[in-house]
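**Student:** The structure under discussion is supplied below as structure tokens; questions concerning it will follow.
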Amino acid sequence: MPPHNPDRRPPGGMALRLLVTLGVGLLPGPQGTYASLLMAALAWAWLAQGGAPLAGPWYGLLCLALAVLAVASSQAALNRRLLGEDRDPGAIVIDEAAGMLLALYGLAAPGWPLLAALAAFRLFDIAKPWPVGWSQRLPGGWGVVADDLLAGLYALGVVRLLGLWLG
């Protein structure tokens with residue numbers, strides 16, 4: 001007979017909750033911004049310590065792996081209704097982390113491009129220009145993650161254009 005579970009939450013729910021929220025999604029306030037700031041801070045620290053540029057095949061694989069993990073874990077959290085009944089609970093922020101990784105692609109040092117990527121990503125994630133907003137209608141975890149990946153790509157484009165413009 002399985003052990004008694006008085007609150008009816010499935011086993012392993014806390015680990016999944018921490019994964020999809022990165023901890024910051026459980027804080028009150030703008031959880032998506034907190035997750036974006038967390039990723040920007042980690043990238044800044046990495047680059048400031050002489051870490052490899054955020055580019056190349058290894059970084060592409062990291063982006064892909066996080067995107068796949070974000071879709072799978074978001075779908076699992078939605079299936080278990082760990083964070084409520086919403087189609088895209090604000091507490092799920094692993095999708096913002098994946099989008100920010102895309103926005104940061106190509107950076108070799110901390111500085112204004114990193115800050116521009118953060119600002120542009122948040123702008124596109126909040127304003128949701130086409131097809132960012134449309135992509136949220138995709139089912140389940142795909143809808144949770146796709147808008148952030150598109151916002152990240154838009155932000156990457158803005159940073160690249162600013163780099164060309166500013167020299």
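Labels used: A, B, ... for chains in the order of the structure tokens, numbers from 1 for residues in each chain, and numbers from 1 for ligands as shown.
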Quick one: everything within 12 Å of Gly141 (chain A), counting only C-alpha atoms, minus sequence neighbours fewer than 3 positions away in the same chain. Send it as JSON, numbers by chain.
**Tutor:** {"A": [20, 67, 68, 69, 70, 71, 72, 73, 74, 75, 76, 77, 78, 79, 86, 87, 88, 89, 92, 93, 94, 95, 135, 136, 137, 138, 144, 145, 146, 147, 148]}
**Student:** At most 6 Å is the cut-off: for each residue in region 4-65 of chain A with any atom that close to an atom of region 106-113 of chain A, write down the nearest atom pair and the distance in Å rounded to one decimal, counting only C-alpha atoms, chain first then increasing number, as a tab-separated table.
**Tutor:**
```
residue	atom	partner	partner_atom	distance
A:Trp44	CA	A:Pro110	CA	5.2
A:Leu47	CA	A:Ala109	CA	5.2
A:Pro53	CA	A:Ala108	CA	4.1
A:Leu54	CA	A:Gly106	CA	5.2
A:Ala55	CA	A:Gly106	CA	4.6
```
**Student:** Run DSSP on the backbone and tell me which residues of chain A come out as alpha helix (DSSP H); list them as a VMD selection string.
**Tutor:** chain A and resid 13 to 21 31 to 48 56 to 80 94 to 103 112 to 127 132 to 135 140 to 166
**Student:** Under the rule of at most 12 Å, produce a per-residue listing of region 69-128 of chain A near region 157-160 of chain A: chain, number, name, the closest pair of atoms, and the distance in Å, as a tab-separated table, using only C-alpha atoms.
**Tutor:**
```
residue	atom	partner	partner_atom	distance
A:Leu102	CA	A:Gly157	CA	10.2
A:Ala103	CA	A:Val159	CA	8.0
A:Leu104	CA	A:Val159	CA	8.7
A:Tyr105	CA	A:Val159	CA	9.7
A:Gly106	CA	A:Arg160	CA	9.0
A:Leu107	CA	A:Val159	CA	9.8
A:Gly111	CA	A:Val159	CA	11.9
A:Trp112	CA	A:Val159	CA	9.4
A:Pro113	CA	A:Val159	CA	6.2
A:Leu114	CA	A:Val159	CA	8.4
A:Leu115	CA	A:Val159	CA	9.4
A:Ala116	CA	A:Val159	CA	6.3
A:Ala117	CA	A:Val159	CA	6.0
A:Leu118	CA	A:Val159	CA	9.7
A:Ala119	CA	A:Val159	CA	9.9
A:Ala120	CA	A:Val158	CA	7.1
A:Phe121	CA	A:Val158	CA	9.3
A:Leu123	CA	A:Val158	CA	11.1
A:Phe124	CA	A:Val158	CA	10.4
```
**Student:** Could you write those residues out with C-alpha atoms, as a PDB file, in the first residue's frame?
**Tutor:**
```pdb
ATOM      1  CA  LEU A 102      19.329  33.102 -26.378  1.00  0.00           C
ATOM      2  CA  ALA A 103      19.416  36.878 -25.930  1.00  0.00           C
ATOM      3  CA  LEU A 104      22.964  36.645 -24.536  1.00  0.00           C
ATOM      4  CA  TYR A 105      24.377  34.586 -27.415  1.00  0.00           C
ATOM      5  CA  GLY A 106      27.697  35.899 -28.698  1.00  0.00           C
ATOM      6  CA  LEU A 107      28.689  37.983 -25.677  1.00  0.00           C
ATOM      7  CA  GLY A 111      29.096  45.446 -20.361  1.00  0.00           C
ATOM      8  CA  TRP A 112      26.391  47.369 -22.164  1.00  0.00           C
ATOM      9  CA  PRO A 113      25.481  44.534 -24.586  1.00  0.00           C
ATOM     10  CA  LEU A 114      24.521  42.332 -21.648  1.00  0.00           C
ATOM     11  CA  LEU A 115      22.396  45.105 -20.151  1.00  0.00           C
ATOM     12  CA  ALA A 116      20.844  45.807 -23.559  1.00  0.00           C
ATOM     13  CA  ALA A 117      20.009  42.108 -23.958  1.00  0.00           C
ATOM     14  CA  LEU A 118      18.310  42.102 -20.553  1.00  0.00           C
ATOM     15  CA  ALA A 119      16.285  45.243 -21.309  1.00  0.00           C
ATOM     16  CA  ALA A 120      15.306  44.106 -24.814  1.00  0.00           C
ATOM     17  CA  PHE A 121      14.347  40.633 -23.619  1.00  0.00           C
ATOM     18  CA  LEU A 123      10.528  44.468 -23.322  1.00  0.00           C
ATOM     19  CA  PHE A 124       9.692  41.777 -25.884  1.00  0.00           C
TER      20      PHE A 124
END
```
**Student:** For CA of Met14 (chain A) and CA of Ala35 (chain A), determine how far apart the two atoms are, in Å to one decimal place.
**Tutor:**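 Distance between the two atoms: 18.4 Å.
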**Student:** State, in Å with one decimal place, the distance from CA of Leu18 (chain A) to CA of Leu101 (chain A).
**Tutor:**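 So the answer is 19.1 Å.
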